[in-house]
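Student: The structure file start.pdb (PDB, C-alpha atoms and all ligand atoms) is provided below.
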```
ATOM      1  CA  MET A   1     113.823 161.497 170.258
ATOM      2  CA  LYS A   2     111.898 158.387 169.349
ATOM      3  CA  VAL A   3     110.063 156.676 172.184
ATOM      4  CA  ARG A   4     111.797 153.390 171.578
ATOM      5  CA  GLN A   5     115.208 154.997 171.742
ATOM      6  CA  PHE A   6     114.295 156.766 174.925
ATOM      7  CA  GLY A   7     113.211 153.455 176.410
ATOM      8  CA  ALA A   8     116.575 151.952 175.611
ATOM      9  CA  ILE A   9     118.488 154.824 177.105
ATOM     10  CA  ALA A  10     116.310 154.810 180.209
ATOM     11  CA  ALA A  11     116.777 151.053 180.597
ATOM     12  CA  ALA A  12     120.497 151.363 180.098
ATOM     13  CA  SER A  13     120.674 154.135 182.686
ATOM     14  CA  VAL A  14     118.875 151.989 185.222
ATOM     15  CA  ILE A  15     121.368 149.175 184.637
ATOM     16  CA  ALA A  16     124.270 151.606 184.807
ATOM     17  CA  LEU A  17     122.949 152.972 188.084
ATOM     18  CA  SER A  18     122.472 149.532 189.562
ATOM     19  CA  LEU A  19     125.965 148.496 188.478
ATOM     20  CA  THR A  20     127.326 151.596 190.169
ATOM     21  CA  ALA A  21     125.244 150.948 193.245
ATOM     22  CA  CYS A  22     126.614 147.452 193.800
ATOM     23  CA  GLY A  23     130.186 148.385 192.954
ATOM     24  CA  ASP A  24     132.580 150.689 194.689
ATOM     25  CA  SER A  25     133.764 153.793 192.951
ATOM     26  CA  ALA A  26     137.149 153.505 191.286
ATOM     27  CA  LYS A  27     139.067 155.109 194.069
ATOM     28  CA  ASP A  28     138.032 152.832 196.906
ATOM     29  CA  SER A  29     137.957 149.599 194.945
ATOM     30  CA  GLY A  30     141.328 148.277 195.888
ATOM     31  CA  GLY A  31     142.016 144.721 194.810
ATOM     32  CA  GLY A  32     143.374 142.293 197.337
ATOM     33  CA  GLY A  33     144.103 144.802 200.051
ATOM     34  CA  GLY A  34     144.265 148.082 198.164
ATOM     35  CA  GLY A  35     147.927 148.341 197.311
ATOM     36  CA  ASP A  36     149.523 151.358 195.724
ATOM     37  CA  PHE A  37     150.263 149.841 192.316
ATOM     38  CA  LYS A  38     147.201 151.057 190.429
ATOM     39  CA  ILE A  39     146.127 149.276 187.276
ATOM     40  CA  GLY A  40     143.202 150.217 185.041
ATOM     41  CA  ILE A  41     140.961 147.383 183.860
ATOM     42  CA  LYS A  42     137.382 146.970 182.693
ATOM     43  CA  PHE A  43     134.906 146.057 185.450
ATOM     44  CA  ASP A  44     132.055 144.756 183.279
ATOM     45  CA  GLN A  45     133.580 142.521 180.600
ATOM     46  CA  PRO A  46     133.264 138.818 181.509
ATOM     47  CA  GLY A  47     136.342 136.767 180.596
ATOM     48  CA  LEU A  48     138.475 139.923 180.271
ATOM     49  CA  GLY A  49     138.010 142.291 183.194
ATOM     50  CA  LEU A  50     135.144 141.638 185.581
ATOM     51  CA  LYS A  51     134.505 142.901 189.096
ATOM     52  CA  GLU A  52     132.137 140.807 191.225
ATOM     53  CA  GLY A  53     132.084 142.021 194.805
ATOM     54  CA  SER A  54     135.735 142.213 195.780
ATOM     55  CA  SER A  55     136.915 139.685 193.207
ATOM     56  CA  TYR A  56     138.457 140.615 189.877
ATOM     57  CA  THR A  57     138.729 138.059 187.086
ATOM     58  CA  GLY A  58     139.544 137.802 183.404
ATOM     59  CA  PHE A  59     142.354 137.526 180.903
ATOM     60  CA  ASP A  60     143.355 141.195 181.312
ATOM     61  CA  VAL A  61     143.430 140.764 185.094
ATOM     62  CA  ASP A  62     145.714 137.722 184.733
ATOM     63  CA  VAL A  63     148.014 139.474 182.248
ATOM     64  CA  ALA A  64     148.181 142.535 184.500
ATOM     65  CA  THR A  65     148.864 140.424 187.604
ATOM     66  CA  TYR A  66     151.645 138.508 185.823
ATOM     67  CA  VAL A  67     153.285 141.666 184.476
ATOM     68  CA  ALA A  68     153.027 143.448 187.844
ATOM     69  CA  LYS A  69     154.702 140.488 189.546
ATOM     70  CA  GLU A  70     157.564 140.584 187.019
ATOM     71  CA  LEU A  71     157.964 144.290 187.812
ATOM     72  CA  GLY A  72     158.233 143.463 191.508
ATOM     73  CA  HIS A  73     154.639 144.088 192.651
ATOM     74  CA  ASP A  74     152.819 141.204 194.327
ATOM     75  CA  ALA A  75     149.100 140.727 193.742
ATOM     76  CA  LYS A  76     148.392 142.230 197.173
ATOM     77  CA  ASP A  77     150.089 145.473 196.095
ATOM     78  CA  ILE A  78     147.662 145.996 193.217
ATOM     79  CA  SER A  79     144.643 148.313 193.300
ATOM     80  CA  TRP A  80     142.236 147.772 190.420
ATOM     81  CA  VAL A  81     140.761 150.949 188.964
ATOM     82  CA  GLN A  82     137.833 150.999 186.540
ATOM     83  CA  ALA A  83     139.008 152.214 183.126
ATOM     84  CA  PRO A  84     136.052 152.797 180.761
ATOM     85  CA  SER A  85     137.081 153.069 177.111
ATOM     86  CA  ALA A  86     136.898 156.860 176.851
ATOM     87  CA  GLN A  87     138.874 157.456 180.063
ATOM     88  CA  ARG A  88     141.951 155.318 179.466
ATOM     89  CA  GLU A  89     144.317 157.951 178.049
ATOM     90  CA  THR A  90     143.365 160.412 180.813
ATOM     91  CA  LEU A  91     143.809 157.849 183.605
ATOM     92  CA  ILE A  92     147.336 157.204 182.343
ATOM     93  CA  SER A  93     148.426 160.751 181.522
ATOM     94  CA  THR A  94     147.217 162.144 184.855
ATOM     95  CA  GLY A  95     149.008 159.383 186.769
ATOM     96  CA  GLN A  96     145.811 157.925 188.286
ATOM     97  CA  VAL A  97     147.028 154.507 187.143
ATOM     98  CA  LYS A  98     150.462 153.113 186.339
ATOM     99  CA  MET A  99     149.141 151.002 183.495
ATOM    100  CA  VAL A 100     145.961 150.123 181.645
ATOM    101  CA  VAL A 101     145.211 146.512 180.681
ATOM    102  CA  ALA A 102     141.677 146.864 179.366
ATOM    103  CA  THR A 103     141.049 145.413 175.875
ATOM    104  CA  TYR A 104     143.011 148.495 174.821
ATOM    105  CA  SER A 105     143.904 148.524 171.130
ATOM    106  CA  ILE A 106     147.221 150.007 170.064
ATOM    107  CA  THR A 107     146.515 152.862 167.625
ATOM    108  CA  ASP A 108     148.568 155.734 166.210
ATOM    109  CA  GLU A 109     146.016 158.237 167.499
ATOM    110  CA  ARG A 110     146.286 156.966 171.086
ATOM    111  CA  LYS A 111     150.081 156.918 170.801
ATOM    112  CA  GLN A 112     149.933 160.734 170.678
ATOM    113  CA  LYS A 113     148.909 160.612 174.357
ATOM    114  CA  VAL A 114     150.216 157.331 175.816
ATOM    115  CA  SER A 115     152.805 154.648 175.082
ATOM    116  CA  PHE A 116     152.006 150.980 174.585
ATOM    117  CA  ALA A 117     153.822 147.784 175.477
ATOM    118  CA  GLY A 118     152.624 144.673 173.652
ATOM    119  CA  PRO A 119     150.627 143.547 171.860
ATOM    120  CA  TYR A 120     149.747 140.649 174.165
ATOM    121  CA  PHE A 121     146.642 139.522 172.229
ATOM    122  CA  ILE A 122     145.055 140.035 168.815
ATOM    123  CA  ALA A 123     141.248 140.277 168.611
ATOM    124  CA  GLY A 124     138.868 141.460 165.883
ATOM    125  CA  GLN A 125     135.761 143.619 165.722
ATOM    126  CA  ASP A 126     132.507 141.685 165.359
ATOM    127  CA  LEU A 127     128.757 142.021 165.973
ATOM    128  CA  LEU A 128     126.459 140.708 168.705
ATOM    129  CA  VAL A 129     122.753 140.297 167.885
ATOM    130  CA  ARG A 130     119.671 138.646 169.389
ATOM    131  CA  SER A 131     119.484 134.916 168.624
ATOM    132  CA  ASP A 132     116.444 135.294 166.367
ATOM    133  CA  GLU A 133     118.118 137.959 164.218
ATOM    134  CA  SER A 134     118.608 136.801 160.627
ATOM    135  CA  THR A 135     119.068 139.999 158.612
ATOM    136  CA  ILE A 136     122.291 141.215 160.265
ATOM    137  CA  THR A 137     125.130 139.078 158.927
ATOM    138  CA  GLY A 138     127.978 141.589 158.790
ATOM    139  CA  PRO A 139     128.699 145.326 158.975
ATOM    140  CA  GLU A 140     127.479 145.910 155.417
ATOM    141  CA  THR A 141     123.987 144.719 156.442
ATOM    142  CA  LEU A 142     123.605 147.380 159.161
ATOM    143  CA  THR A 143     122.284 150.261 157.056
ATOM    144  CA  GLY A 144     119.256 151.738 158.806
ATOM    145  CA  LYS A 145     119.730 149.505 161.858
ATOM    146  CA  ARG A 146     120.291 150.736 165.391
ATOM    147  CA  LEU A 147     123.791 149.820 166.491
ATOM    148  CA  CYS A 148     125.291 150.286 169.951
ATOM    149  CA  SER A 149     128.931 150.805 170.799
ATOM    150  CA  VAL A 150     131.025 152.665 173.361
ATOM    151  CA  LYS A 151     132.415 156.192 173.419
ATOM    152  CA  GLY A 152     136.160 156.411 172.889
ATOM    153  CA  SER A 153     136.437 152.914 171.387
ATOM    154  CA  THR A 154     137.971 151.908 168.077
ATOM    155  CA  SER A 155     134.725 149.969 167.516
ATOM    156  CA  ALA A 156     132.560 153.119 167.411
ATOM    157  CA  GLN A 157     135.162 154.990 165.379
ATOM    158  CA  LYS A 158     135.278 152.264 162.739
ATOM    159  CA  VAL A 159     131.502 152.454 162.249
ATOM    160  CA  LYS A 160     131.599 156.251 161.931
ATOM    161  CA  ASP A 161     134.428 156.046 159.392
ATOM    162  CA  LYS A 162     133.262 153.101 157.300
ATOM    163  CA  TYR A 163     129.506 152.606 157.753
ATOM    164  CA  PRO A 164     127.883 156.057 157.899
ATOM    165  CA  GLY A 165     124.403 154.716 157.065
ATOM    166  CA  VAL A 166     124.137 153.050 160.484
ATOM    167  CA  GLN A 167     122.238 154.624 163.405
ATOM    168  CA  LEU A 168     125.024 154.509 165.975
ATOM    169  CA  GLN A 169     124.301 155.001 169.680
ATOM    170  CA  GLU A 170     127.338 155.396 171.912
ATOM    171  CA  PHE A 171     127.122 154.433 175.577
ATOM    172  CA  GLY A 172     129.789 154.556 178.283
ATOM    173  CA  THR A 173     130.235 150.796 178.697
ATOM    174  CA  TYR A 174     129.497 147.635 176.747
ATOM    175  CA  SER A 175     127.269 146.202 179.483
ATOM    176  CA  GLU A 176     124.894 149.137 178.887
ATOM    177  CA  CYS A 177     124.810 148.161 175.200
ATOM    178  CA  VAL A 178     124.014 144.531 176.084
ATOM    179  CA  ALA A 179     121.077 145.677 178.223
ATOM    180  CA  ALA A 180     119.801 147.801 175.323
ATOM    181  CA  LEU A 181     120.188 144.881 172.910
ATOM    182  CA  VAL A 182     118.241 142.504 175.136
ATOM    183  CA  SER A 183     115.456 145.063 175.695
ATOM    184  CA  LYS A 184     115.308 145.690 171.907
ATOM    185  CA  GLY A 185     116.384 149.322 172.208
ATOM    186  CA  VAL A 186     119.094 148.558 169.634
ATOM    187  CA  ASP A 187     119.465 145.862 166.963
ATOM    188  CA  ALA A 188     123.134 145.020 167.398
ATOM    189  CA  LEU A 189     126.236 145.743 169.448
ATOM    190  CA  THR A 190     129.689 146.053 167.958
ATOM    191  CA  THR A 191     133.073 145.655 169.585
ATOM    192  CA  ASP A 192     135.836 143.043 169.854
ATOM    193  CA  ASN A 193     134.886 139.379 169.377
ATOM    194  CA  THR A 194     136.499 138.539 172.749
ATOM    195  CA  ILE A 195     134.162 140.886 174.621
ATOM    196  CA  LEU A 196     131.061 139.788 172.691
ATOM    197  CA  ALA A 197     131.771 136.087 173.321
ATOM    198  CA  GLY A 198     131.932 136.799 177.045
ATOM    199  CA  TYR A 199     128.475 138.391 177.109
ATOM    200  CA  ALA A 200     126.882 135.753 174.845
ATOM    201  CA  SER A 201     127.976 132.996 177.227
ATOM    202  CA  GLN A 202     126.788 134.646 180.454
ATOM    203  CA  ASP A 203     124.093 132.611 182.170
ATOM    204  CA  GLN A 204     121.457 135.342 181.983
ATOM    205  CA  TYR A 205     121.938 135.760 178.212
ATOM    206  CA  LYS A 206     122.493 132.134 177.188
ATOM    207  CA  GLY A 207     120.393 131.304 174.120
ATOM    208  CA  LYS A 208     119.309 134.961 173.778
ATOM    209  CA  LEU A 209     122.335 136.427 172.013
ATOM    210  CA  LYS A 210     124.736 135.317 169.302
ATOM    211  CA  VAL A 211     128.020 136.589 167.894
ATOM    212  CA  VAL A 212     127.825 137.019 164.105
ATOM    213  CA  GLY A 213     131.355 135.638 163.736
ATOM    214  CA  LYS A 214     132.712 137.714 160.843
ATOM    215  CA  THR A 215     135.477 139.966 162.113
ATOM    216  CA  PHE A 216     136.190 143.188 160.249
ATOM    217  CA  SER A 217     139.247 144.689 161.970
ATOM    218  CA  GLU A 218     142.415 143.703 163.764
ATOM    219  CA  GLU A 219     142.547 144.835 167.402
ATOM    220  CA  ARG A 220     146.049 144.569 168.855
ATOM    221  CA  TYR A 221     145.746 144.702 172.657
ATOM    222  CA  GLY A 222     148.506 146.717 174.295
ATOM    223  CA  ILE A 223     149.344 147.725 177.848
ATOM    224  CA  GLY A 224     148.932 151.482 178.083
ATOM    225  CA  LEU A 225     151.752 153.328 179.853
ATOM    226  CA  LYS A 226     152.822 156.915 180.516
ATOM    227  CA  LYS A 227     153.900 158.436 177.225
ATOM    228  CA  GLY A 228     157.607 158.132 176.578
ATOM    229  CA  ASP A 229     158.441 155.721 179.425
ATOM    230  CA  LYS A 230     160.577 153.486 177.248
ATOM    231  CA  ALA A 231     162.286 151.702 180.143
ATOM    232  CA  MET A 232     158.913 150.674 181.594
ATOM    233  CA  CYS A 233     157.680 149.632 178.151
ATOM    234  CA  GLU A 234     160.704 147.382 177.691
ATOM    235  CA  LYS A 235     160.227 145.768 181.102
ATOM    236  CA  VAL A 236     156.572 145.131 180.344
ATOM    237  CA  ASN A 237     157.403 143.656 176.930
ATOM    238  CA  THR A 238     159.913 141.306 178.569
ATOM    239  CA  ALA A 239     157.230 140.232 181.046
ATOM    240  CA  ILE A 240     154.676 139.610 178.276
ATOM    241  CA  ALA A 241     157.204 137.555 176.284
ATOM    242  CA  LYS A 242     157.938 135.500 179.399
ATOM    243  CA  MET A 243     154.248 134.944 180.082
ATOM    244  CA  ILE A 244     153.932 133.572 176.548
ATOM    245  CA  SER A 245     157.083 131.400 176.516
ATOM    246  CA  SER A 246     156.369 129.950 179.975
ATOM    247  CA  GLY A 247     152.928 128.679 178.971
ATOM    248  CA  GLU A 248     151.148 130.997 181.447
ATOM    249  CA  TRP A 249     149.660 133.044 178.601
ATOM    250  CA  GLN A 250     148.012 129.925 177.121
ATOM    251  CA  LYS A 251     146.755 128.885 180.558
ATOM    252  CA  ALA A 252     145.206 132.324 181.054
ATOM    253  CA  VAL A 253     143.585 132.171 177.601
ATOM    254  CA  ASP A 254     142.123 128.712 178.279
ATOM    255  CA  LYS A 255     140.879 129.636 181.740
ATOM    256  CA  ASN A 256     139.272 132.955 180.820
ATOM    257  CA  LEU A 257     138.203 132.689 177.176
ATOM    258  CA  GLY A 258     137.667 128.920 177.070
ATOM    259  CA  PRO A 259     134.387 128.897 179.026
ATOM    260  CA  ALA A 260     132.815 131.232 176.415
ATOM    261  CA  GLY A 261     133.885 128.802 173.688
ATOM    262  CA  PHE A 262     136.023 131.561 172.183
ATOM    263  CA  LYS A 263     138.281 130.354 169.367
ATOM    264  CA  VAL A 264     141.604 132.174 169.464
ATOM    265  CA  ASP A 265     142.984 133.018 166.014
ATOM    266  CA  SER A 266     146.250 131.076 166.075
ATOM    267  CA  ALA A 267     147.420 132.744 162.853
ATOM    268  CA  THR A 268     147.888 135.966 164.852
ATOM    269  CA  ASN A 269     148.176 134.673 168.452
ATOM    270  CA  PRO A 270     150.205 134.698 170.560
ATOM    271  CA  PRO A 271     151.658 137.874 169.033
ATOM    272  CA  LYS A 272     155.201 139.229 168.961
ATOM    273  CA  GLN A 273     155.671 142.486 170.850
ATOM    274  CA  ASP A 274     156.416 145.742 169.023
ATOM    275  CA  ALA A 275     159.664 147.564 169.708
ATOM    276  CA  CYS A 276     159.206 150.299 172.334
ATOM    277  CA  ALA A 277     159.337 153.820 170.915
TER
HETATM  278  N1  LIG B 301     139.704 147.196 171.638
HETATM  279  C1  LIG B 301     138.860 148.297 171.288
HETATM  280  C2  LIG B 301     139.360 149.602 171.865
HETATM  281  O1  LIG B 301     140.378 149.652 172.466
HETATM  282  C3  LIG B 301     137.415 148.060 171.711
HETATM  283  C4  LIG B 301     137.226 147.542 173.102
HETATM  284  C5  LIG B 301     137.206 148.604 174.167
HETATM  285  O2  LIG B 301     136.600 149.668 173.969
HETATM  286  O3  LIG B 301     137.800 148.359 175.222
HETATM  287  O4  LIG B 301     138.767 150.627 171.708
END
```
Please express the file's structure as structure tokens.

Tutor:
Amino acid sequence: MKVRQFGAIAAASVIALSLTACGDSAKDSGGGGGGDFKIGIKFDQPGLGLKEGSSYTGFDVDVATYVAKELGHDAKDISWVQAPSAQRETLISTGQVKMVVATYSITDERKQKVSFAGPYFIAGQDLLVRSDESTITGPETLTGKRLCSVKGSTSAQKVKDKYPGVQLQEFGTYSECVAALVSKGVDALTTDNTILAGYASQDQYKGKLKVVGKTFSEERYGIGLKKGDKAMCEKVNTAIAKMISSGEWQKAVDKNLGPAGFKVDSATNPPKQDACA
């Protein structure tokens, strides 16, 4: 292993440890009183799913809270469970959570294991680089570069399938990738533009990171549910449609993605929901 790579991994591990140290483990991190309606979200994605102390914020948190309410569960009945990318199918299929609302793209492969309501948002894969980076302008310019992404994500899979000349490093969470990018352990980070915009606008990274701004996939965010629960899927789709038609969806977009200056693609958003299988 190259020294530089080791440095990045070591740095990322330190960050991961410190994040763990200041956060509760998934099972005792109940949101607003630790209710029994368990929902999987991300804990480290600003603007989408972010845990700070006992407060949970982000677009996914607002969508999940709205949908839960429509299903008859008040905010105080919700327990938020951390759902890293690679663990989402397992959390659902083992019944550890009732649903996952975690920048979770609807794919045919995942549909073998879980069902999806939605989509409730359409994002696209992009690249995050250091502000002084000028040679990385899109995925085709990554050959020979060190790229970070997350295990079990469509983002990492896309790179493996389409850009084999890239040195891909897969971590467990995107915040570990951001730490590696800032410490120059990697040259770029790839995932959804929504997630990248959130990191780029965080106070500690302001002026240090930039989103390339050339998306190269369509990521249709769904709400992951137990496979085959069509009745639940239909209820969730009804709730999503109501969130959109009532104006609450737009409010949640403005509140959570607005501060990062994220421009929502209005050609694809807000989306129509797929029929439940
Ligand atoms: N939306 C993509 C996915 O579901 C990337 C973001 C993530 O890993 O949560 O894999």

Student: Determine the nearest neighbour of A:Ala188 from the options A:Thr215, A:Lys160, A:Cys276, A:Thr137, counting all atoms listed in the file.

Tutor: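 Looking at the shortest contact to A:Ala188, the residue is A:Thr137.
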
Student: Might you pull out every residue within 12 Å of stretch 247-261 of chain A, with only C-alpha atoms counted and same-chain residues fewer than 4 positions away left off, and present them as a ChimeraX atom specification?

Tutor: /A:45-50,56-67,120-123,193-203,205-206,210-211,239-243,265-266,269-271

Student: With a cut-off of 6 Å, could you pull out the residues of chain A touching ligand LIG 301 (chain B) and give me the nearest pair of atoms for each, distance in Å to one decimal, using all atoms listed in the file, ordered by chain and ascending number, as a tab-separated table?

Tutor:
```
residue	atom	partner	partner_atom	distance
A:Ser85	CA	B:LIG301	O2	4.7
A:Ala102	CA	B:LIG301	O3	5.9
A:Thr103	CA	B:LIG301	O3	4.4
A:Tyr104	CA	B:LIG301	O1	3.7
A:Ser105	CA	B:LIG301	O1	3.9
A:Ser153	CA	B:LIG301	O4	3.3
A:Thr154	CA	B:LIG301	O4	3.9
A:Ser155	CA	B:LIG301	C3	5.3
A:Thr191	CA	B:LIG301	C3	5.4
A:Asp192	CA	B:LIG301	C3	5.6
A:Glu219	CA	B:LIG301	N1	5.6
```

Student: Restricting the calculation to all atoms listed in the file, which member of A:Val186, A:Ala179, A:Thr90, A:His73 is positioned closest to A:Gln204?

Tutor: A:Ala179

Student: Step by step, gather every atom of stretch 92-96 of chain A that the file lists, find the box along x, y and z that holds them, add 6 Å on each side, and finally give centre and edge lengths in Å to one decimal, as AutoDock Vina command-line options.

Tutor:
```
--center_x 147.4 --center_y 159.7 --center_z 184.9 --size_x 15.2 --size_y 16.9 --size_z 18.8
```

Student: Between atom CA of A:Lys184 and atom CA of A:Glu133, what distance in Å does the model show, to one decimal?

Tutor: 11.3 Å

Student: Which residue out of A:Phe262, A:Lys235, A:Ser246, A:Thr173 has the minimum interatomic distance to A:Gly72 when all atoms listed in the file are used?

Tutor: A:Lys235

Student: Rank A:Gly95, A:Glu89, A:Ser54, A:Cys233 by their smallest atom-to-atom distance to A:Gln112, using all atoms listed in the file, and report the top residue only.

Tutor: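 Closest residue, counting all atoms listed in the file: A:Glu89.
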
Student: Between atom CA of A:Lys111 and atom CA of A:Phe171, what is the distance in Å, rounded to a tenth?

Tutor: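 Atom-to-atom, atom CA of A:Lys111 and atom CA of A:Phe171 are spaced 23.6 Å apart.
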
Student: Skip A:Thr135 itself and residues of its chain fewer than 5 positions away, then list as a PyMOL selection string all residues within 12 Å of it, counting only C-alpha atoms.

Tutor: chain A and resi 129-130+140-145+187-188+212

Student: Please enumerate the residues selected by the PyMOL selection byres (((chain A and resi 86) around 7) and not hetatm) when evaluated against the supplied file, formatted as a list in words.

Tutor: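 So the PyMOL selection byres (((chain A and resi 86) around 7) and not hetatm), applied here, picks out Pro84, Ser85, Gln87, Arg88, Lys151, Gly152 and Ser153 of chain A.
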
Student: Can you work out which one of A:Asp132, A:Asp229, A:Asp126, A:Asp108 has the shortest atom-to-atom distance to A:Lys208, counting only C-alpha atoms?

Tutor: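 When distances to A:Lys208 are compared using only C-alpha atoms, the smallest one comes from A:Asp132.
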
Student: Just give me the gap between atom CA of A:Lys51 and atom CA of A:Ala83 in Å, one decimal is fine.

Tutor: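 A separation of 11.9 Å between them.
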
Student: Can you tell me, as a VMD selection string, what residues are no more than 8 Å from A:Gly118 when counting only C-alpha atoms, ignoring any on the same chain fewer than 3 positions away?

Tutor: chain A and resid 221 to 223 236 to 237 240 272 to 274

Student: For each of A:Leu168, A:Leu127, A:Leu147, A:Val182, take the minimum atom-to-atom distance to A:Ser217, counting all atoms listed in the file, then give the residue where this is smallest.

Tutor: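 Selected residue with least distance to A:Ser217: A:Leu127.
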
Student: How about completing stretch 96-111 of chain A with N, CA, C and O atoms and giving it to me as a short mmCIF file (atom, residue, chain, number, x, y, z; two decimals), in the coordinates of the input?

Tutor:
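What ended up in result-v3.cif:
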```
data_model
loop_
_atom_site.label_atom_id
_atom_site.label_comp_id
_atom_site.auth_asym_id
_atom_site.auth_seq_id
_atom_site.Cartn_x
_atom_site.Cartn_y
_atom_site.Cartn_z
N GLN A 96 146.76 158.62 187.39
CA GLN A 96 145.81 157.93 188.29
C GLN A 96 146.03 156.42 188.26
O GLN A 96 145.63 155.72 189.19
N VAL A 97 146.63 155.92 187.20
CA VAL A 97 147.03 154.51 187.14
C VAL A 97 148.42 154.41 186.54
O VAL A 97 148.84 155.30 185.79
N LYS A 98 149.12 153.33 186.90
CA LYS A 98 150.46 153.11 186.34
C LYS A 98 150.35 152.47 184.95
O LYS A 98 151.19 152.70 184.09
N MET A 99 149.34 151.63 184.79
CA MET A 99 149.14 151.00 183.50
C MET A 99 147.67 150.68 183.28
O MET A 99 146.90 150.59 184.24
N VAL A 100 147.32 150.52 182.01
CA VAL A 100 145.96 150.12 181.64
C VAL A 100 146.03 148.82 180.87
O VAL A 100 146.76 148.72 179.88
N VAL A 101 145.30 147.81 181.36
CA VAL A 101 145.21 146.51 180.68
C VAL A 101 143.72 146.25 180.51
O VAL A 101 143.09 145.63 181.35
N ALA A 102 143.14 146.78 179.45
CA ALA A 102 141.68 146.86 179.37
C ALA A 102 141.19 146.77 177.92
O ALA A 102 140.63 147.73 177.38
N THR A 103 141.43 145.62 177.29
CA THR A 103 141.05 145.41 175.88
C THR A 103 141.38 146.67 175.07
O THR A 103 140.57 147.17 174.29
N TYR A 104 142.60 147.16 175.27
CA TYR A 104 143.01 148.50 174.82
C TYR A 104 143.83 148.38 173.54
O TYR A 104 145.01 148.00 173.58
N SER A 105 143.22 148.69 172.41
CA SER A 105 143.90 148.52 171.13
C SER A 105 144.99 149.57 170.93
O SER A 105 144.80 150.76 171.23
N ILE A 106 146.11 149.12 170.41
CA ILE A 106 147.22 150.01 170.06
C ILE A 106 146.84 150.76 168.78
O ILE A 106 146.56 150.12 167.77
N THR A 107 146.79 152.08 168.85
CA THR A 107 146.51 152.86 167.62
C THR A 107 147.46 154.07 167.58
O THR A 107 147.92 154.55 168.62
N ASP A 108 147.69 154.57 166.37
CA ASP A 108 148.57 155.73 166.21
C ASP A 108 147.98 156.95 166.91
O ASP A 108 148.71 157.75 167.50
N GLU A 109 146.66 157.09 166.86
CA GLU A 109 146.02 158.24 167.50
C GLU A 109 146.25 158.22 169.01
O GLU A 109 146.62 159.22 169.61
N ARG A 110 146.07 157.07 169.64
CA ARG A 110 146.29 156.97 171.09
C ARG A 110 147.75 157.15 171.46
O ARG A 110 148.07 157.62 172.55
N LYS A 111 148.64 156.77 170.53
CA LYS A 111 150.08 156.92 170.80
C LYS A 111 150.51 158.38 170.90
O LYS A 111 151.62 158.66 171.34
#
```
